[in-house]
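The structure under discussion appears below in the form of structure tokens.
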Amino acid sequence: MSSDSELSQTIIHYADLVLDALDIKEGPSHMEVMVDTKVDELTGAISYIPCLVEVGARCQGGEGTWLLLVKESIGYSQVDVTLDCYLDGILFDRLHKDSYPKIKAAREVDMVARASGIVRKLTGDAFIRSLPSFRQIHWDVKPGDFVKKTVDCFTRPGCVELVADTEEEVERDFEAIHAIEELGLIDYSVMCPHPPSIGAVVVVDPFSSGANLAAMVLLWGYKLILVFSERDSPVAKLVTKGSKVEPTLMVQHDNTHPNQTIAVQQTLNAITHYQGVPILAIIPGAETGVLLADQLAALYGTRCNGTELASARRDKYKMQEALRATGSVRAVQQQLCRSEAEVKAFLLRLVATSPGGSLKCVLKPNESAGTDSVFLCNTEDEAVRAFHSIHGQINGLGQINDGALCQEFLSGVEYVVDGVSRDGIYKVVAIWEYDKRSVNGANFVYFGMSLRDTSHPKIRAIVDYAKQVVNGLKIHQGPSHMEIICTEVVISNSPGQGEATMLYSPCLVEVGTRCHGGEATWLPVAMECIGYTMLDATLNCYLRPDRFDELPFEPSLKKSGAEAFLVSLLKGTLKDIPGMEVIRSLSSFRKMELLTQPGSPLYPTIDCFTRPGSVQLVHVNAGDLMADYQVIRQLELDGLFELL
């Protein structure tokens with residue numbers, strides 16, 4: 001305030017009386033005075049009636065943020081004059097008793113938090129710094145902090161110092177700051193009246209959909225710790241491109257250490273000793289992170305499935321044997337073969353037990369991803385050649401295959417059952433039907449997948465079987481991504497007993513205790529058709545039990561949805577993608593993810609690693625959806641891609 005106004009002079013003279021009355025004769029005083037205003041009814045004259053609130057025989061506090069303002073606006077500060085008076089300087093003697101110079105106009109703005117919650121971003125920072133009178137900003141909060149709604153000086157989120165040539169200029173910027181407090185000052189990831197138990201979520205190998213899971217952790221306001229289970233893992237290349245993840249901490253697990261018990265403990269120490277941040281959940285982001293996530297969670301004590309069946313939840317051979325050991329859950333006939341002789345012996349047993357003596361079988365790596373090196377064999381020679389293509393070779397996860405897993409061929413359609421469990425309560429969050437075909441010399445190429453409703457008897461049988469699998473493998477906590485083939489058997493009824501009965505016989509292909517991968521390109525389809533996804537259901541399971549409880553046990557489809565995996569029949573250098581605009585014009589089109597571009601090499605699609613992209617489709621009418629799906633399939637034959 002200017003010292004020469006009538007109001008200021010009234011306050012100054014009143015302050016003199018207060019100091020005399022309280023015998024404050026030396027040093028500083030910081031006084032708060034309330035002023036009542038009285039207007040004479042006859043003359044309209046204004047008089048001021050000051051009254052003390054309180055006074056302290058010390059300098060003004062407020063963290064000293066106001067010092068910059070008074071130095072620029074007056075030329076000196078209370079702190080300067082206080083030291084001068086004690087140290088017998090010359091400044092005090094030069095000052096006028098009842099006035100001070102006012103060179104510029106100034107304001108200190110105490111920012112007001114209009115809500116309580118977890119800070120995601122200080123969105124008003126850039127705007128405030130752009131104001132003409134801006135001089136300085138002091139934030140008392142940072143992203144990740146819990147902020148209380150401002151009710152006093154201790155709950156302000158920060159303050160701003162403004163200086164300008166005129167009162168009008170500085171007042172305009174003062175009001176501009178308060179104007180953005182409702183919506184534009186702080187971005188809250190969560191608005192809540194009381195601080196939740198904020199801690200960190202560990203994501204082990206944040207690749208593919210795991211990158212989206214990690215991004216969601218930050219979005220929800222939790223601290224994020226990323227752990228990488230393997231050095232130079234080829235799966236690390238599968239990080240979702242659109243995800244900008246800025247973790248609190250990143251830890252590289254030493255998978256080369258000769259004693260993995262020690263290595264796991266070292267990794268646990270690294271994540272638990274960081275600034276005392278409590279760990280709330282340890283979740284695998286990709287298949288490669290499942291085992292380490294189980295080990296870390298079991299040691300630390302967060303929700304996990306334990307380590308008793310950890311290898312059976314990763315090793316495809318042990319997985320089936322663990323189900324067989326239950327005595328009640330169907331499992332495939334199989335053998336993990338490490339020699340030609342073992343392959344031939346398995347085929348003899350298969351012929352002896354298969355209906356019609358069929359020798360048809362599948363050979364694949366015991367630990368791998370997607371349809372990497374999966375062979376369908378009809379003869380012994382084919383099986384032996386497939387064995388040598390697998391055993392001792394490096395698989396898609398960067399590991400050396402120890403033998404080849406030989407299994408009976410399951411005839412039927414393959415389905416994906418995505419589920420999440422919490423304390424043994426299993427909830428199915430999505431069911432997808434795979435479209436797999438033989439093309440480009442490969443027998444199991446993914447062409448796409450479509451969401452299915454649980455009302456059909458076949459899907460009901462699959463859901464019931466999935467429940468048996470999670471119980472058999474003791475998947476009691478967290479996500480499970482399950483692939484099941486369902487065979488169909490027609491039972492002819494006796495005359496007079498009605499039409500023939502269809503029996504459905506599901507059998508597990510494999511299950512992973514992690515979220516559905518596939519780069520998470522399926523997310524927009526699931527969200528629009530179901531209303532929630534496997535990713536948020538997984539985080540709810542660990543962090544928000546009330547929301548998990550609210551989820552239904554099985555999903556209901558609001559719309560029909562599918563994802564078409566683009567299939568290339570060509571090999572060469574890509575010139576153009578002329579079919580792209582046709583796809584974008586489809587009524588069910590939602591999004592397209594291209595993994596190639598003009599000028600890049602194009603290869604015939606033989607597995608999920610060689611597909612050139614995918615298209616997400618959603619429609620209220622299932623018939624229209626599938627018609628659009630067939631348009632894409634026809635384009636692949638008629639010129640979706642053009643080569644140089």
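Residues in the structure tokens are named by chain (A, B, ... in the order shown) and by number from 1 within that chain; ligands are numbered from 1 in the order shown.
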Quick one: contact table of region 508-584 of chain A to region 609-616 of chain A, 10 Å max, nearest atom pair and distance in Å to one decimal per residue, counting only C-alpha atoms, chain and number order, as a tab-separated table?
```
residue	atom	partner	partner_atom	distance
A:Gly518	CA	A:Phe609	CA	9.8
A:Thr521	CA	A:Gln616	CA	7.6
A:Trp522	CA	A:Gln616	CA	7.0
A:Leu523	CA	A:Gln616	CA	9.1
A:Pro524	CA	A:Gln616	CA	7.6
A:Val525	CA	A:Gln616	CA	6.4
A:Ala526	CA	A:Gln616	CA	9.9
A:Gly561	CA	A:Gln616	CA	7.8
A:Ala562	CA	A:Gln616	CA	6.2
A:Glu563	CA	A:Gln616	CA	4.6
A:Ala564	CA	A:Val615	CA	5.1
A:Phe565	CA	A:Ser614	CA	4.3
A:Leu566	CA	A:Ser614	CA	5.2
A:Val567	CA	A:Arg611	CA	5.8
A:Ser568	CA	A:Pro612	CA	6.9
A:Ile583	CA	A:Val615	CA	8.2
A:Arg584	CA	A:Val615	CA	9.2
```
How would you write, as a ChimeraX atom specification, the set of residues in region 202-426 of chain A that DSSP gives as alpha helix (DSSP H)?
/A:209-219,260-272,290-300,316-326,340-353,380-390
Using C-alpha atoms, can you write the selected residues to a file as an mmCIF file, in the first residue's frame?
```cif
data_model
loop_
_atom_site.group_PDB
_atom_site.id
_atom_site.type_symbol
_atom_site.label_atom_id
_atom_site.label_comp_id
_atom_site.auth_asym_id
_atom_site.auth_seq_id
_atom_site.Cartn_x
_atom_site.Cartn_y
_atom_site.Cartn_z
ATOM 1 C CA SER A 209 0.410 -53.845 -22.630
ATOM 2 C CA GLY A 210 2.710 -53.574 -19.604
ATOM 3 C CA ALA A 211 3.719 -50.112 -20.837
ATOM 4 C CA ASN A 212 0.052 -49.098 -20.770
ATOM 5 C CA LEU A 213 -0.277 -50.616 -17.296
ATOM 6 C CA ALA A 214 2.679 -48.530 -16.108
ATOM 7 C CA ALA A 215 1.225 -45.358 -17.617
ATOM 8 C CA MET A 216 -2.078 -46.080 -15.856
ATOM 9 C CA VAL A 217 -0.271 -46.370 -12.500
ATOM 10 C CA LEU A 218 1.029 -42.817 -12.922
ATOM 11 C CA LEU A 219 -2.336 -41.577 -14.106
ATOM 12 C CA GLN A 260 19.574 -65.767 -8.362
ATOM 13 C CA THR A 261 18.422 -65.904 -4.734
ATOM 14 C CA ILE A 262 20.973 -63.185 -3.962
ATOM 15 C CA ALA A 263 20.120 -61.295 -7.164
ATOM 16 C CA VAL A 264 16.399 -61.234 -6.343
ATOM 17 C CA GLN A 265 17.137 -59.942 -2.836
ATOM 18 C CA GLN A 266 19.357 -57.209 -4.291
ATOM 19 C CA THR A 267 16.581 -56.132 -6.645
ATOM 20 C CA LEU A 268 14.092 -56.127 -3.779
ATOM 21 C CA ASN A 269 16.456 -53.985 -1.702
ATOM 22 C CA ALA A 270 16.756 -51.498 -4.554
ATOM 23 C CA ILE A 271 13.003 -51.001 -4.856
ATOM 24 C CA THR A 272 12.085 -51.056 -1.171
ATOM 25 C CA VAL A 290 6.084 -63.134 -14.447
ATOM 26 C CA LEU A 291 8.604 -65.215 -12.509
ATOM 27 C CA LEU A 292 10.562 -62.272 -11.071
ATOM 28 C CA ALA A 293 7.340 -60.452 -10.117
ATOM 29 C CA ASP A 294 6.180 -63.545 -8.198
ATOM 30 C CA GLN A 295 9.533 -63.849 -6.440
ATOM 31 C CA LEU A 296 9.704 -60.175 -5.452
ATOM 32 C CA ALA A 297 6.074 -60.032 -4.320
ATOM 33 C CA ALA A 298 6.412 -63.219 -2.261
ATOM 34 C CA LEU A 299 9.512 -61.857 -0.504
ATOM 35 C CA TYR A 300 8.092 -58.398 0.090
ATOM 36 C CA LYS A 316 3.919 -74.897 -20.811
ATOM 37 C CA TYR A 317 4.757 -78.530 -20.081
ATOM 38 C CA LYS A 318 4.560 -78.176 -16.300
ATOM 39 C CA MET A 319 1.370 -76.150 -16.717
ATOM 40 C CA GLN A 320 -0.494 -79.048 -18.327
ATOM 41 C CA GLU A 321 0.944 -81.573 -15.887
ATOM 42 C CA ALA A 322 -0.177 -79.471 -12.913
ATOM 43 C CA LEU A 323 -3.720 -79.492 -14.304
ATOM 44 C CA ARG A 324 -3.549 -83.232 -14.942
ATOM 45 C CA ALA A 325 -2.438 -83.740 -11.332
ATOM 46 C CA THR A 326 -5.703 -82.248 -10.072
ATOM 47 C CA GLU A 340 14.295 -87.731 -32.043
ATOM 48 C CA ALA A 341 13.720 -91.001 -30.207
ATOM 49 C CA GLU A 342 11.500 -89.282 -27.635
ATOM 50 C CA VAL A 343 9.502 -87.584 -30.414
ATOM 51 C CA LYS A 344 8.890 -90.928 -32.133
ATOM 52 C CA ALA A 345 7.939 -92.620 -28.862
ATOM 53 C CA PHE A 346 5.386 -89.898 -28.131
ATOM 54 C CA LEU A 347 3.862 -90.296 -31.599
ATOM 55 C CA LEU A 348 3.410 -94.038 -31.018
ATOM 56 C CA ARG A 349 1.507 -93.383 -27.792
ATOM 57 C CA LEU A 350 -0.530 -90.657 -29.486
ATOM 58 C CA VAL A 351 -1.626 -92.988 -32.299
ATOM 59 C CA ALA A 352 -2.598 -95.641 -29.778
ATOM 60 C CA THR A 353 -4.843 -93.305 -27.769
ATOM 61 C CA GLU A 380 6.604 -88.586 -38.260
ATOM 62 C CA ASP A 381 9.066 -86.962 -40.675
ATOM 63 C CA GLU A 382 7.356 -83.583 -40.283
ATOM 64 C CA ALA A 383 7.512 -83.921 -36.493
ATOM 65 C CA VAL A 384 11.229 -84.772 -36.555
ATOM 66 C CA ARG A 385 12.007 -81.794 -38.810
ATOM 67 C CA ALA A 386 9.980 -79.516 -36.541
ATOM 68 C CA PHE A 387 11.860 -80.838 -33.524
ATOM 69 C CA HIS A 388 15.204 -79.848 -35.038
ATOM 70 C CA SER A 389 13.795 -76.409 -35.935
ATOM 71 C CA ILE A 390 12.995 -75.828 -32.254
#
```
Produce a table with one row for each residue of region 503-609 of chain A that has an atom at most 8 Å from any atom of region 478-488 of chain A, each row naming the nearest atom pair and its distance in Å at one decimal; use only C-alpha atoms; arrange rows by chain and rising residue number; format as a tab-separated table.
```
residue	atom	partner	partner_atom	distance
A:Leu503	CA	A:Glu488	CA	5.8
A:Tyr504	CA	A:Glu488	CA	4.8
A:Ser505	CA	A:Thr487	CA	5.2
A:Pro506	CA	A:Cys486	CA	4.1
A:Cys507	CA	A:Ile485	CA	5.5
A:Leu508	CA	A:Ile484	CA	4.6
A:Val509	CA	A:Ile484	CA	5.3
A:Glu510	CA	A:Glu483	CA	5.5
A:Val511	CA	A:Met482	CA	4.2
A:Gly512	CA	A:His481	CA	5.2
A:Thr513	CA	A:Ser480	CA	4.4
A:Arg514	CA	A:Pro479	CA	5.1
A:Cys515	CA	A:Pro479	CA	5.6
A:His516	CA	A:His481	CA	5.5
A:Met534	CA	A:Pro479	CA	7.6
A:Thr538	CA	A:Pro479	CA	6.0
A:Cys541	CA	A:Gly478	CA	6.6
A:Tyr542	CA	A:Gly478	CA	7.5
```
Write a file of the selected residues as an mmCIF file, in the first residue's frame, keeping N, CA and C atoms.
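Contents of the output file again.cif:
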```
data_model
loop_
_atom_site.group_PDB
_atom_site.id
_atom_site.type_symbol
_atom_site.label_atom_id
_atom_site.label_comp_id
_atom_site.auth_asym_id
_atom_site.auth_seq_id
_atom_site.Cartn_x
_atom_site.Cartn_y
_atom_site.Cartn_z
ATOM 1 N N LEU A 503 -22.182 -81.158 -27.233
ATOM 2 C CA LEU A 503 -21.349 -81.100 -26.045
ATOM 3 C C LEU A 503 -20.075 -80.322 -26.361
ATOM 4 N N TYR A 504 -19.662 -79.482 -25.434
ATOM 5 C CA TYR A 504 -18.466 -78.669 -25.628
ATOM 6 C C TYR A 504 -17.384 -79.142 -24.657
ATOM 7 N N SER A 505 -16.181 -79.328 -25.197
ATOM 8 C CA SER A 505 -15.079 -79.842 -24.389
ATOM 9 C C SER A 505 -13.878 -78.909 -24.492
ATOM 10 N N PRO A 506 -13.781 -77.921 -23.584
ATOM 11 C CA PRO A 506 -12.645 -76.988 -23.616
ATOM 12 C C PRO A 506 -11.371 -77.655 -23.099
ATOM 13 N N CYS A 507 -10.232 -77.199 -23.617
ATOM 14 C CA CYS A 507 -8.943 -77.681 -23.128
ATOM 15 C C CYS A 507 -7.928 -76.550 -23.220
ATOM 16 N N LEU A 508 -7.119 -76.421 -22.193
ATOM 17 C CA LEU A 508 -6.153 -75.333 -22.127
ATOM 18 C C LEU A 508 -5.052 -75.489 -23.167
ATOM 19 N N VAL A 509 -4.735 -74.383 -23.846
ATOM 20 C CA VAL A 509 -3.523 -74.306 -24.657
ATOM 21 C C VAL A 509 -2.393 -73.793 -23.756
ATOM 22 N N GLU A 510 -2.609 -72.641 -23.149
ATOM 23 C CA GLU A 510 -1.658 -72.105 -22.172
ATOM 24 C C GLU A 510 -2.297 -70.931 -21.446
ATOM 25 N N VAL A 511 -1.723 -70.574 -20.312
ATOM 26 C CA VAL A 511 -2.194 -69.416 -19.554
ATOM 27 C C VAL A 511 -0.983 -68.682 -19.005
ATOM 28 N N GLY A 512 -1.055 -67.352 -19.030
ATOM 29 C CA GLY A 512 -0.012 -66.521 -18.451
ATOM 30 C C GLY A 512 -0.600 -65.658 -17.357
ATOM 31 N N THR A 513 0.125 -65.518 -16.246
ATOM 32 C CA THR A 513 -0.372 -64.683 -15.139
ATOM 33 C C THR A 513 0.078 -63.245 -15.358
ATOM 34 N N ARG A 514 -0.420 -62.666 -16.435
ATOM 35 C CA ARG A 514 -0.138 -61.275 -16.824
ATOM 36 C C ARG A 514 -1.270 -60.836 -17.721
ATOM 37 N N CYS A 515 -1.275 -59.554 -18.045
ATOM 38 C CA CYS A 515 -2.347 -59.015 -18.881
ATOM 39 C C CYS A 515 -2.182 -59.438 -20.332
ATOM 40 N N HIS A 516 -3.280 -59.387 -21.054
ATOM 41 C CA HIS A 516 -3.301 -59.636 -22.491
ATOM 42 C C HIS A 516 -2.281 -58.708 -23.156
ATOM 43 N N MET A 534 -9.090 -55.038 -19.031
ATOM 44 C CA MET A 534 -8.299 -55.902 -18.157
ATOM 45 C C MET A 534 -7.270 -55.102 -17.360
ATOM 46 N N THR A 538 -7.133 -54.987 -13.349
ATOM 47 C CA THR A 538 -5.934 -55.482 -12.664
ATOM 48 C C THR A 538 -5.481 -54.504 -11.579
ATOM 49 N N CYS A 541 -7.767 -54.513 -8.671
ATOM 50 C CA CYS A 541 -7.568 -55.699 -7.838
ATOM 51 C C CYS A 541 -6.521 -55.434 -6.756
ATOM 52 N N TYR A 542 -5.462 -54.727 -7.107
ATOM 53 C CA TYR A 542 -4.373 -54.466 -6.157
ATOM 54 C C TYR A 542 -4.584 -53.206 -5.325
#
```
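Counting from CA of Ile282 (chain A), the distance to CA of Glu230 (chain A) is 16.6 Å.
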Within 8 Å of region 171-180 of chain A using only C-alpha atoms, minus same-chain residues under 4 positions, as a PyMOL selection string:
chain A and resi 107+109+111-112+124+128+131-133+162+167+184-185
